[in-house]
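entry_27.csv, holding CSV, C-alpha atoms and all ligand atoms:
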```csv
chain,number,residue,atom,x,y,z
A,27,MET,CA,23.8,32.7,55.9
A,28,THR,CA,25.2,36.4,55.9
A,29,GLU,CA,27.1,38.0,58.8
A,30,SER,CA,25.1,40.2,61.2
A,31,SER,CA,25.7,43.8,62.1
A,32,GLN,CA,27.8,45.3,65.0
A,33,HIS,CA,31.6,44.8,65.0
A,34,GLY,CA,32.7,42.0,62.8
A,35,LEU,CA,33.8,38.8,64.4
A,36,SER,CA,37.5,39.4,63.6
A,37,THR,CA,37.4,42.7,65.5
A,38,ARG,CA,35.6,41.1,68.4
A,39,THR,CA,38.3,38.3,68.7
A,40,ILE,CA,41.0,41.0,68.9
A,41,HIS,CA,39.4,43.9,70.8
A,42,GLY,CA,36.7,41.9,72.7
A,43,HIS,CA,37.8,42.7,76.2
A,44,SER,CA,38.0,46.0,78.2
A,45,PHE,CA,41.2,45.2,80.1
A,46,LYS,CA,43.8,47.9,79.7
A,47,ASP,CA,47.4,47.1,80.5
A,48,ALA,CA,49.2,49.8,82.5
A,49,HIS,CA,52.2,49.5,80.2
A,50,GLY,CA,50.2,49.5,76.9
A,51,SER,CA,50.8,45.9,76.1
A,52,PRO,CA,48.2,44.8,73.5
A,53,HIS,CA,48.3,41.3,75.0
A,54,LEU,CA,46.3,40.0,77.9
A,55,PRO,CA,48.7,39.7,80.9
A,56,VAL,CA,48.8,36.5,82.9
A,57,TYR,CA,47.7,37.1,86.5
A,58,ASP,CA,49.2,33.9,87.9
A,59,THR,CA,47.9,34.8,91.2
A,60,THR,CA,45.7,32.7,93.5
A,61,THR,CA,44.5,35.5,95.8
A,62,PHE,CA,44.1,39.3,95.8
A,63,ALA,CA,44.7,41.7,98.6
A,64,PHE,CA,42.3,44.5,99.8
A,65,ASN,CA,42.9,47.8,101.6
A,66,SER,CA,40.3,47.1,104.2
A,67,THR,CA,37.7,44.5,105.3
A,68,ALA,CA,35.0,46.8,104.0
A,69,ASP,CA,36.5,46.7,100.5
A,70,LEU,CA,36.9,42.9,100.8
A,71,LEU,CA,33.2,42.5,101.9
A,72,ASP,CA,32.1,44.6,98.9
A,73,VAL,CA,33.4,42.0,96.6
A,74,VAL,CA,32.5,38.9,98.7
A,75,GLU,CA,28.9,40.2,99.1
A,76,GLY,CA,28.7,41.1,95.4
A,77,ARG,CA,28.3,44.9,95.7
A,78,LYS,CA,31.4,45.5,93.6
A,79,SER,CA,33.0,43.3,91.0
A,80,GLY,CA,36.7,42.7,91.5
A,81,SER,CA,39.4,40.2,91.8
A,82,LEU,CA,39.4,38.0,94.9
A,83,TYR,CA,40.3,34.3,94.4
A,84,THR,CA,41.2,32.6,91.2
A,85,ARG,CA,39.3,29.4,91.7
A,86,TYR,CA,36.2,31.5,91.9
A,87,GLY,CA,37.0,33.0,88.5
A,88,LEU,CA,37.7,36.4,90.1
A,89,ASN,CA,40.9,37.1,88.4
A,90,PRO,CA,41.7,39.8,85.7
A,91,SER,CA,43.0,37.3,83.1
A,92,ILE,CA,39.8,35.3,83.5
A,93,PHE,CA,37.4,38.3,83.4
A,94,ALA,CA,39.0,39.4,80.2
A,95,ILE,CA,38.8,36.1,78.4
A,96,GLU,CA,35.2,35.7,79.4
A,97,GLU,CA,34.4,39.1,77.8
A,98,VAL,CA,35.9,37.9,74.5
A,99,LEU,CA,34.2,34.5,74.7
A,100,ALA,CA,30.8,36.1,75.2
A,101,ARG,CA,31.3,38.5,72.3
A,102,ILE,CA,32.4,35.9,69.8
A,103,GLU,CA,29.2,34.0,70.3
A,104,GLY,CA,27.0,37.1,70.6
A,105,ALA,CA,26.2,36.2,74.2
A,106,GLU,CA,25.4,38.4,77.2
A,107,MET,CA,27.8,36.4,79.3
A,108,ALA,CA,30.4,33.6,79.2
A,109,TRP,CA,32.1,31.3,81.8
A,110,SER,CA,35.4,29.7,81.1
A,111,PHE,CA,36.4,26.3,82.4
A,112,CYS,CA,39.5,24.0,82.6
A,113,SER,CA,38.0,21.7,79.8
A,114,GLY,CA,35.1,21.3,77.6
A,115,MET,CA,33.8,18.4,79.8
A,116,ALA,CA,34.0,20.7,82.8
A,117,ALA,CA,31.8,23.2,81.0
A,118,GLU,CA,29.3,20.5,80.1
A,119,THR,CA,29.2,19.1,83.6
A,120,ALA,CA,28.5,22.4,85.2
A,121,LEU,CA,25.8,23.1,82.6
A,122,PHE,CA,24.1,19.7,83.2
A,123,LEU,CA,24.3,19.9,86.9
A,124,THR,CA,22.8,23.4,86.9
A,125,HIS,CA,20.1,23.2,84.2
A,126,GLY,CA,19.7,19.5,83.5
A,127,ARG,CA,18.5,18.1,86.8
A,128,GLU,CA,14.9,17.8,85.6
A,129,GLY,CA,16.0,15.6,82.7
A,130,ILE,CA,18.2,16.0,79.6
A,131,VAL,CA,17.6,14.9,76.0
A,132,CYS,CA,20.7,14.5,73.9
A,133,ILE,CA,19.9,14.3,70.1
A,134,GLY,CA,22.3,12.7,67.6
A,135,ASP,CA,25.9,11.7,68.0
A,136,ALA,CA,28.1,13.5,70.5
A,137,TYR,CA,31.6,13.3,71.8
A,138,GLY,CA,32.3,10.0,73.5
A,139,GLY,CA,32.9,11.6,76.9
A,140,THR,CA,29.6,13.5,76.7
A,141,LEU,CA,27.8,10.3,75.8
A,142,GLU,CA,29.4,8.5,78.8
A,143,LEU,CA,28.6,11.3,81.2
A,144,LEU,CA,24.9,11.3,80.0
A,145,ALA,CA,24.4,7.6,79.6
A,146,SER,CA,26.3,6.2,82.6
A,147,GLN,CA,27.3,8.8,85.1
A,148,LEU,CA,24.5,11.5,85.5
A,149,PRO,CA,21.9,8.7,86.0
A,150,LEU,CA,23.9,7.6,89.1
A,151,LEU,CA,23.0,11.0,90.6
A,152,GLY,CA,19.3,10.5,89.8
A,153,ILE,CA,19.3,12.6,86.7
A,154,THR,CA,17.2,11.2,83.9
A,155,THR,CA,18.8,11.3,80.5
A,156,HIS,CA,17.5,10.3,77.1
A,157,LEU,CA,19.8,9.7,74.1
A,158,ILE,CA,18.0,9.7,70.8
A,159,LEU,CA,19.4,9.7,67.2
A,160,GLY,CA,19.0,12.6,64.8
A,161,ARG,CA,16.5,10.5,62.8
A,162,GLU,CA,14.5,9.9,66.1
A,163,VAL,CA,13.9,13.6,66.7
A,164,ASP,CA,10.1,13.0,66.5
A,165,GLN,CA,10.4,11.5,70.0
A,166,LEU,CA,11.3,14.9,71.3
A,167,ASP,CA,7.7,16.0,71.9
A,168,ALA,CA,7.0,13.1,74.2
A,169,LEU,CA,10.2,13.5,76.2
A,170,LEU,CA,9.6,17.2,76.7
A,171,ALA,CA,6.0,16.5,77.6
A,172,ALA,CA,7.3,14.0,80.2
A,173,GLY,CA,9.3,16.8,81.8
A,174,ALA,CA,12.9,17.0,80.3
A,175,LYS,CA,14.0,20.6,80.6
A,176,LEU,CA,17.3,20.6,78.7
A,177,VAL,CA,18.0,19.6,75.1
A,178,PHE,CA,21.6,19.1,74.2
A,179,PHE,CA,23.2,18.4,70.8
A,180,GLU,CA,26.2,18.9,68.5
A,181,THR,CA,25.8,20.1,65.0
A,182,PRO,CA,27.5,19.1,62.7
A,183,THR,CA,27.9,15.8,64.6
A,184,ASN,CA,30.9,13.6,65.0
A,185,PRO,CA,31.8,11.7,62.9
A,186,THR,CA,29.0,11.6,60.3
A,187,LEU,CA,28.6,15.4,60.1
A,188,GLU,CA,24.9,15.2,60.5
A,189,LEU,CA,23.1,18.5,60.6
A,190,LEU,CA,20.5,19.2,63.2
A,191,ASP,CA,18.0,22.1,62.8
A,192,ILE,CA,18.8,24.5,65.6
A,193,ARG,CA,15.9,26.8,64.9
A,194,ALA,CA,13.3,24.0,64.8
A,195,ILE,CA,14.6,22.2,67.9
A,196,ALA,CA,14.8,25.5,69.9
A,197,ALA,CA,11.2,26.4,68.9
A,198,LYS,CA,9.9,23.0,70.0
A,199,ALA,CA,11.9,23.0,73.3
A,200,HIS,CA,10.7,26.5,74.2
A,201,ALA,CA,7.1,25.5,73.6
A,202,TYR,CA,7.5,23.1,76.5
A,203,GLY,CA,9.5,25.5,78.7
A,204,ALA,CA,12.8,23.7,78.1
A,205,ARG,CA,16.2,25.1,77.2
A,206,VAL,CA,18.5,24.3,74.4
A,207,ALA,CA,22.3,23.9,74.5
A,208,VAL,CA,24.4,23.5,71.4
A,209,ASP,CA,27.9,22.1,71.5
A,210,ASN,CA,29.5,24.5,68.9
A,211,THR,CA,33.0,22.9,69.0
A,212,PHE,CA,33.0,21.5,65.5
A,213,ALA,CA,31.7,24.6,63.8
A,214,SER,CA,33.2,27.3,65.9
A,215,PRO,CA,31.6,30.8,66.0
A,216,VAL,CA,33.2,31.5,62.7
A,217,ASN,CA,30.9,29.0,61.0
A,218,GLN,CA,27.8,29.0,63.2
A,219,ARG,CA,26.4,31.0,66.1
A,220,PRO,CA,23.6,29.0,67.7
A,221,LEU,CA,22.3,31.8,70.0
A,222,GLU,CA,21.3,33.8,66.8
A,223,LEU,CA,19.2,30.8,65.9
A,224,GLY,CA,17.3,30.5,69.2
A,225,ALA,CA,19.6,28.3,71.3
A,226,ASP,CA,19.9,29.3,75.0
A,227,PHE,CA,23.4,28.0,75.6
A,228,VAL,CA,26.5,27.4,73.6
A,229,VAL,CA,29.2,25.1,74.9
A,230,HIS,CA,32.7,24.7,73.6
A,231,SER,CA,35.7,22.5,74.0
A,232,ALA,CA,38.0,25.5,73.6
A,233,THR,CA,40.7,22.8,73.4
A,234,LYS,CA,39.8,22.6,69.7
A,235,TYR,CA,39.3,25.5,67.2
A,236,LEU,CA,39.2,28.3,69.9
A,237,GLY,CA,42.6,27.3,71.1
A,238,GLY,CA,43.6,26.2,67.6
A,239,HIS,CA,47.1,25.0,68.2
A,240,SER,CA,46.7,21.7,70.2
A,241,ASP,CA,48.5,23.4,73.1
A,242,LEU,CA,45.8,24.2,75.6
A,243,THR,CA,42.8,22.5,77.3
A,244,ALA,CA,39.8,24.7,78.2
A,245,GLY,CA,36.1,25.0,77.9
A,246,ALA,CA,33.5,27.7,77.6
A,247,LEU,CA,29.8,28.2,78.3
A,248,MET,CA,27.9,31.1,76.8
A,249,GLY,CA,24.3,32.4,77.2
A,250,SER,CA,22.2,35.0,79.0
A,251,GLN,CA,23.1,36.4,82.4
A,252,GLU,CA,19.9,35.0,83.8
A,253,LEU,CA,20.8,31.4,82.8
A,254,LEU,CA,24.6,31.7,83.5
A,255,LEU,CA,24.6,33.2,86.9
A,256,PRO,CA,23.3,30.0,88.6
A,257,VAL,CA,26.2,28.1,86.9
A,258,TRP,CA,28.8,30.2,88.8
A,259,ASN,CA,28.5,28.4,92.1
A,260,TRP,CA,28.6,25.0,90.6
A,261,ARG,CA,31.8,25.9,88.7
A,262,LYS,CA,33.3,27.4,91.9
A,263,ASN,CA,32.6,24.4,94.0
A,264,LEU,CA,33.4,21.8,91.4
A,265,GLY,CA,36.7,23.6,91.1
A,266,SER,CA,36.6,23.6,87.3
A,267,MET,CA,38.1,27.0,86.7
A,268,ILE,CA,40.4,27.8,83.8
A,269,ALA,CA,44.0,28.6,84.8
A,270,PRO,CA,45.0,32.2,84.2
A,271,GLY,CA,47.9,31.2,82.0
A,272,THR,CA,45.5,29.2,79.8
A,273,ALA,CA,43.1,32.2,79.7
A,274,SER,CA,45.9,34.4,78.4
A,275,LEU,CA,47.0,31.7,75.8
A,276,LEU,CA,43.4,31.3,74.7
A,277,ALA,CA,43.1,35.1,74.2
A,278,ARG,CA,46.3,34.9,72.0
A,279,SER,CA,44.8,32.1,70.0
A,280,LEU,CA,41.4,33.8,69.5
A,281,ARG,CA,43.1,36.7,67.7
A,282,THR,CA,43.7,34.4,64.7
A,283,LEU,CA,40.5,32.3,65.0
A,284,VAL,CA,38.8,33.8,62.0
A,285,VAL,CA,41.7,33.5,59.5
A,286,ARG,CA,42.5,30.0,60.7
A,287,VAL,CA,39.0,28.7,60.4
A,288,ARG,CA,38.3,30.3,57.1
A,289,GLN,CA,41.5,28.7,55.7
A,290,GLN,CA,40.5,25.3,57.2
A,291,ASN,CA,37.0,25.6,55.6
A,292,GLU,CA,38.6,26.3,52.2
A,293,SER,CA,41.0,23.4,52.4
A,294,ALA,CA,38.4,21.0,53.7
A,295,GLN,CA,36.1,21.9,50.8
A,296,ARG,CA,39.0,21.2,48.3
A,297,ILE,CA,39.8,17.9,50.0
A,298,ALA,CA,36.1,16.8,50.1
A,299,GLU,CA,35.8,17.5,46.4
A,300,ALA,CA,39.0,15.7,45.6
A,301,MET,CA,38.0,12.7,47.7
A,302,SER,CA,34.5,12.6,46.2
A,303,GLY,CA,35.8,11.5,42.9
A,304,HIS,CA,38.4,9.1,44.3
A,305,PRO,CA,37.9,5.4,43.3
A,306,LYS,CA,39.2,4.2,46.7
A,307,VAL,CA,36.7,6.3,48.6
A,308,SER,CA,33.1,5.1,48.8
A,309,ARG,CA,31.6,8.1,50.5
A,310,VAL,CA,32.5,11.6,51.7
A,311,TYR,CA,30.7,13.2,54.6
A,312,TYR,CA,31.1,17.0,54.3
A,313,PRO,CA,28.3,19.7,54.6
A,314,GLY,CA,29.9,21.7,51.8
A,315,LEU,CA,29.2,19.1,49.2
A,316,ALA,CA,26.1,19.9,47.2
A,317,ASP,CA,24.9,16.3,47.3
A,318,PHE,CA,25.4,15.9,51.1
A,319,PRO,CA,22.1,15.3,52.9
A,320,GLY,CA,22.6,18.2,55.3
A,321,HIS,CA,23.9,20.7,52.7
A,322,THR,CA,20.7,22.8,52.4
A,323,LEU,CA,20.3,23.1,56.2
A,324,ALA,CA,24.0,23.9,56.5
A,325,LYS,CA,23.6,26.7,54.0
A,326,GLU,CA,20.7,28.1,56.1
A,327,GLN,CA,22.3,27.9,59.6
A,328,MET,CA,26.0,28.1,59.0
A,329,TYR,CA,28.3,30.8,57.7
A,330,GLY,CA,30.9,28.2,56.5
A,331,PHE,CA,31.0,24.4,56.3
A,332,GLY,CA,33.9,23.8,58.6
A,333,GLY,CA,37.3,22.0,58.7
A,334,MET,CA,36.0,18.5,59.7
A,335,LEU,CA,35.2,15.8,57.2
A,336,THR,CA,34.9,12.0,57.1
A,337,ILE,CA,35.8,9.7,54.3
A,338,GLU,CA,34.7,6.1,54.0
A,339,VAL,CA,37.4,4.0,52.4
A,340,ALA,CA,36.1,1.6,49.8
A,341,GLY,CA,37.0,-1.6,51.6
A,342,SER,CA,37.2,-3.1,55.1
A,343,GLY,CA,38.0,-1.5,58.4
A,344,GLU,CA,41.5,-3.1,58.2
A,345,GLU,CA,42.0,-1.4,54.9
A,346,ALA,CA,41.0,1.9,56.4
A,347,THR,CA,43.5,1.3,59.2
A,348,ARG,CA,46.2,0.8,56.7
A,349,VAL,CA,45.3,4.1,54.9
A,350,ALA,CA,45.4,5.9,58.3
A,351,ASP,CA,48.8,4.3,59.1
A,352,ARG,CA,50.3,5.3,55.7
A,353,LEU,CA,49.4,9.0,56.0
A,354,GLN,CA,52.4,11.1,56.6
A,355,ILE,CA,51.2,14.7,57.0
A,356,PHE,CA,47.9,13.9,58.8
A,357,ALA,CA,48.9,12.8,62.3
A,358,LEU,CA,47.1,9.8,63.7
A,359,ALA,CA,45.7,11.4,66.8
A,360,PRO,CA,42.3,12.1,68.5
A,361,SER,CA,41.2,15.8,68.9
A,362,LEU,CA,40.7,18.4,66.2
A,363,GLY,CA,40.8,22.0,65.3
A,364,GLY,CA,44.6,22.5,65.5
A,365,ALA,CA,47.0,23.9,62.9
A,366,GLU,CA,48.2,20.4,62.2
A,367,SER,CA,45.9,18.0,60.3
A,368,LEU,CA,44.8,14.9,62.2
A,369,VAL,CA,43.2,11.6,61.3
A,370,THR,CA,41.2,9.3,63.5
A,371,GLN,CA,39.4,6.0,62.7
A,372,PRO,CA,36.2,6.4,64.8
A,373,CYS,CA,35.9,2.6,65.5
A,374,THR,CA,39.4,2.6,67.0
A,375,THR,CA,39.2,5.9,69.0
A,376,THR,CA,36.2,8.1,69.5
A,377,HIS,CA,33.6,5.3,69.1
A,378,HIS,CA,35.8,2.4,70.2
A,379,GLY,CA,33.7,2.0,73.4
A,380,LEU,CA,30.5,1.2,71.4
A,381,THR,CA,29.5,-2.3,70.2
A,382,SER,CA,29.8,-2.8,66.5
A,383,GLU,CA,25.9,-3.1,66.4
A,384,GLU,CA,25.6,0.3,68.1
A,385,ARG,CA,28.1,1.8,65.7
A,386,GLU,CA,26.1,0.4,62.8
A,387,ARG,CA,22.9,1.8,64.3
A,388,ARG,CA,24.6,5.2,64.4
A,389,GLY,CA,25.8,4.9,60.8
A,390,ILE,CA,29.4,4.7,61.8
A,391,SER,CA,31.3,2.1,59.7
A,392,ASP,CA,34.7,0.7,60.5
A,393,ALA,CA,36.0,2.0,57.1
A,394,MET,CA,35.4,5.6,58.1
A,395,LEU,CA,38.3,8.0,58.7
A,396,ARG,CA,37.6,11.4,60.3
A,397,LEU,CA,39.9,14.2,59.1
A,398,SER,CA,40.5,17.4,61.0
A,399,VAL,CA,42.0,19.7,58.3
A,400,GLY,CA,44.8,21.9,59.6
A,401,LEU,CA,46.7,24.8,58.0
A,402,GLU,CA,49.1,23.0,55.8
A,403,ASP,CA,48.9,23.5,52.0
A,404,ALA,CA,45.7,21.8,50.7
A,405,ASP,CA,47.7,20.4,47.8
A,406,ASP,CA,50.0,18.6,50.2
A,407,LEU,CA,47.1,17.2,52.2
A,408,ILE,CA,45.4,15.9,49.1
A,409,ALA,CA,48.7,14.4,47.8
A,410,ASP,CA,49.1,12.7,51.3
A,411,LEU,CA,45.6,11.2,51.1
A,412,GLU,CA,46.2,10.0,47.5
A,413,GLN,CA,49.5,8.3,48.3
A,414,ALA,CA,47.9,6.6,51.4
A,415,LEU,CA,44.9,5.4,49.4
A,416,ALA,CA,47.0,4.2,46.4
B,1,LIG,C1,32.5,18.1,70.3
B,1,LIG,C2,33.3,18.0,71.6
B,1,LIG,N1,32.7,18.5,72.7
B,1,LIG,C3,33.4,18.4,73.9
B,1,LIG,C4,34.6,17.7,74.0
B,1,LIG,C5,35.3,17.6,75.4
B,1,LIG,O1,36.3,18.6,75.4
B,1,LIG,P1,37.6,18.6,76.3
B,1,LIG,O2,38.5,17.5,75.8
B,1,LIG,O3,38.1,20.0,76.2
B,1,LIG,O4,37.1,18.3,77.7
B,1,LIG,C6,35.2,17.2,72.9
B,1,LIG,C7,36.5,16.6,73.0
B,1,LIG,O5,37.0,15.9,72.0
B,1,LIG,C8,34.5,17.4,71.6
B,1,LIG,O6,35.1,16.9,70.5
```

What is this file in structure tokens?
Amino acid sequence: MTESSQHGLSTRTIHGHSFKDAHGSPHLPVYDTTTFAFNSTADLLDVVEGRKSGSLYTRYGLNPSIFAIEEVLARIEGAEMAWSFCSGMAAETALFLTHGREGIVCIGDAYGGTLELLASQLPLLGITTHLILGREVDQLDALLAAGAKLVFFETPTNPTLELLDIRAIAAKAHAYGARVAVDNTFASPVNQRPLELGADFVVHSATKYLGGHSDLTAGALMGSQELLLPVWNWRKNLGSMIAPGTASLLARSLRTLVVRVRQQNESAQRIAEAMSGHPKVSRVYYPGLADFPGHTLAKEQMYGFGGMLTIEVAGSGEEATRVADRLQIFALAPSLGGAESLVTQPCTTTHHGLTSEERERRGISDAMLRLSVGLEDADDLIADLEQALA
């Protein structure tokens, strides 16, 4: 896919907000302030009653650091509006409670916390949820016809990097009057912008690529003003607001998003190619490999193939554990998207809570290792994998 017009993404990450610092600082100041004072009750009521925008109370999101980060977040996904949150899960929860009350369909694999929320917790509130696999997408018509109004999915998925067709799913959902939300955490807006492909919402764990340094926890929800305004009150009363210091740190991080992710794409491609020919690796899951099942769709809907890949060690789950334990540069840790490379064995972390039958149904073998490729030299990362596999 080729880039669209308007300012380029790098420019938007750096100049994407209209806040002007009185002292000329190019950085977004931290307004570590819980409440803001007014000259008169009339001025205060103008903000409280929505006649004027302005800072008021930080948990409401009415804080200059938060206004500014939300302008940047909207621009990087090409959205009319964005809300920021204290975590990715907080963003998803506010989305589901606002727009998912008539039923949610989740397609394909998703982050474990998301699956738990959808499968076990939202039903306690009377919300109907349906979890189908990517290969069961033909069930979507029946579920939409039965009244589900929100379709949610990740693409590429975790950990098999399955590609789901954003355009086709959005067209189908819209035909039934339903909305589509894509978790774009794995791809980041550098590699994929779902709103351009017909999705109604983009949700992020900003903890990952947007933050990029494993030093902040945040979430974001992007979409049209019409669809995002009703989310505001839920966020306000769930109390799931981003902290001003985190907003400022996130703004700092976004300034390097494009160079970081492009470098991670390049290194991941090199590692995927090196691992493809390795005798101790039975399979490599990476959308940038020409023989990967989702490669053609990835070329159509992504700008780059991403920094996440999964290898399947030729051997048992125990052998894969030994490989993970022998890695020296890749740190054995959950999460992804940071400057440091990470390795996780899905059966011991992200998908530990599933039965082995369920993991098998989802195509997740015990011998899989998921790699989040960081910013170290690709040669060093390949050498690390080779010594661990030897
Ligand atoms: C794809 C994806 N979405 C959402 C989340 C939840 O994000 P957070 O940990 O910021 O709440 C995660 C966390 O790992 C994730 O990987």

What do you get as a PyMOL selection string if you pick all residues at most 8 Å from ligand LIG 1 (chain B), counting all atoms listed in the file?
-> chain A and resi 112-118+136-140+180+183-184+209-212+229-234+243-245+360-362

Would you mind exporting C-alpha atoms of the selected residues as an mmCIF file, keeping the file's coordinate frame?
```
data_model
loop_
_atom_site.group_PDB
_atom_site.id
_atom_site.type_symbol
_atom_site.label_atom_id
_atom_site.label_comp_id
_atom_site.auth_asym_id
_atom_site.auth_seq_id
_atom_site.Cartn_x
_atom_site.Cartn_y
_atom_site.Cartn_z
ATOM 1 C CA CYS A 112 39.500 24.000 82.600
ATOM 2 C CA SER A 113 38.000 21.700 79.800
ATOM 3 C CA GLY A 114 35.100 21.300 77.600
ATOM 4 C CA MET A 115 33.800 18.400 79.800
ATOM 5 C CA ALA A 116 34.000 20.700 82.800
ATOM 6 C CA ALA A 117 31.800 23.200 81.000
ATOM 7 C CA GLU A 118 29.300 20.500 80.100
ATOM 8 C CA ALA A 136 28.100 13.500 70.500
ATOM 9 C CA TYR A 137 31.600 13.300 71.800
ATOM 10 C CA GLY A 138 32.300 10.000 73.500
ATOM 11 C CA GLY A 139 32.900 11.600 76.900
ATOM 12 C CA THR A 140 29.600 13.500 76.700
ATOM 13 C CA GLU A 180 26.200 18.900 68.500
ATOM 14 C CA THR A 183 27.900 15.800 64.600
ATOM 15 C CA ASN A 184 30.900 13.600 65.000
ATOM 16 C CA ASP A 209 27.900 22.100 71.500
ATOM 17 C CA ASN A 210 29.500 24.500 68.900
ATOM 18 C CA THR A 211 33.000 22.900 69.000
ATOM 19 C CA PHE A 212 33.000 21.500 65.500
ATOM 20 C CA VAL A 229 29.200 25.100 74.900
ATOM 21 C CA HIS A 230 32.700 24.700 73.600
ATOM 22 C CA SER A 231 35.700 22.500 74.000
ATOM 23 C CA ALA A 232 38.000 25.500 73.600
ATOM 24 C CA THR A 233 40.700 22.800 73.400
ATOM 25 C CA LYS A 234 39.800 22.600 69.700
ATOM 26 C CA THR A 243 42.800 22.500 77.300
ATOM 27 C CA ALA A 244 39.800 24.700 78.200
ATOM 28 C CA GLY A 245 36.100 25.000 77.900
ATOM 29 C CA PRO A 360 42.300 12.100 68.500
ATOM 30 C CA SER A 361 41.200 15.800 68.900
ATOM 31 C CA LEU A 362 40.700 18.400 66.200
#
```

With the cut-off set at 10 Å and counting only C-alpha atoms, tabulate each residue of range 43-135 of chain A with an atom at most that distance from an atom of range 222-225 of chain A, showing the nearest atom pair and its distance in Å to one decimal, ordered by chain and increasing number, as a tab-separated table.
```
residue	atom	partner	partner_atom	distance
A:Glu103	CA	A:Glu222	CA	8.6
A:Gly104	CA	A:Glu222	CA	7.6
A:Ala105	CA	A:Glu222	CA	9.2
```

Do you know which residues are at most 12 Å from Ser214 in chain A counting only C-alpha atoms, after dropping those on the same chain fewer than 2 positions away, and could you put them as a PyMOL selection string?
-> chain A and resi 35+99+102-103+180-182+208-212+216-220+228-238+246+280+283-284+286-288+290-291+328-334+362-363

Determine the nearest neighbour of Leu144 in chain A from the options A:Val349, A:Gln165, A:Asp406, A:Phe122, counting only C-alpha atoms.
->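 The answer is A:Phe122, which sits nearest to Leu144 in chain A.
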
Counting only C-alpha atoms, what is within 12 Å of Gly303 in chain A, bar same-chain residues fewer than 6 positions away, as a ChimeraX atom specification?
-> /A:296-297,309-310,315,337,412

Would you output that residue set with C-alpha atoms, as a tab-separated table (two decimals), in the coordinates of the input?
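What ended up in part30.tsv:
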```
chain	number	residue	atom	x	y	z
A	296	ARG	CA	39.00	21.20	48.30
A	297	ILE	CA	39.80	17.90	50.00
A	309	ARG	CA	31.60	8.10	50.50
A	310	VAL	CA	32.50	11.60	51.70
A	315	LEU	CA	29.20	19.10	49.20
A	337	ILE	CA	35.80	9.70	54.30
A	412	GLU	CA	46.20	10.00	47.50
```

What's the 10 Å shell around Arg348 in chain A, counting all atoms listed in the file, without same-chain residues fewer than 6 positions away, as a ChimeraX atom specification?
-> /A:342,414-415

Distance in Å - CA of Ala324 in chain A versus CA of Ile195 in chain A | 14.9 Å

Between A:Ile192, A:Ala273, A:Ser110, A:Val73, which one has atoms that come closest to Pro55 in chain A, using all atoms listed in the file?
->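 Of all the options, A:Ala273 lies closest to Pro55 in chain A.
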
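Nearest to Val131 in chain A of all the residues A:Ala357, A:Val177, A:Met267, A:Ala365 is A:Val177, counting all atoms listed in the file.
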
Among the residues A:Arg193, A:His378, A:Lys306, A:His321, the one that comes closest to Gln413 in chain A [using only C-alpha atoms] |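 Nearest candidate to Gln413 in chain A out of A:Arg193, A:His378, A:Lys306, A:His321: A:Lys306.
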
Distance in Å - CA of Ile95 in chain A versus CA of Leu121 in chain A =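 About the pair CA of Ile95 in chain A and CA of Leu121 in chain A: they are 18.9 Å apart.
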
Kindly give the distance, in Å, that separates CA of Phe227 in chain A and CA of Ile390 in chain A, rounded to a single decimal.
-> 27.7 Å
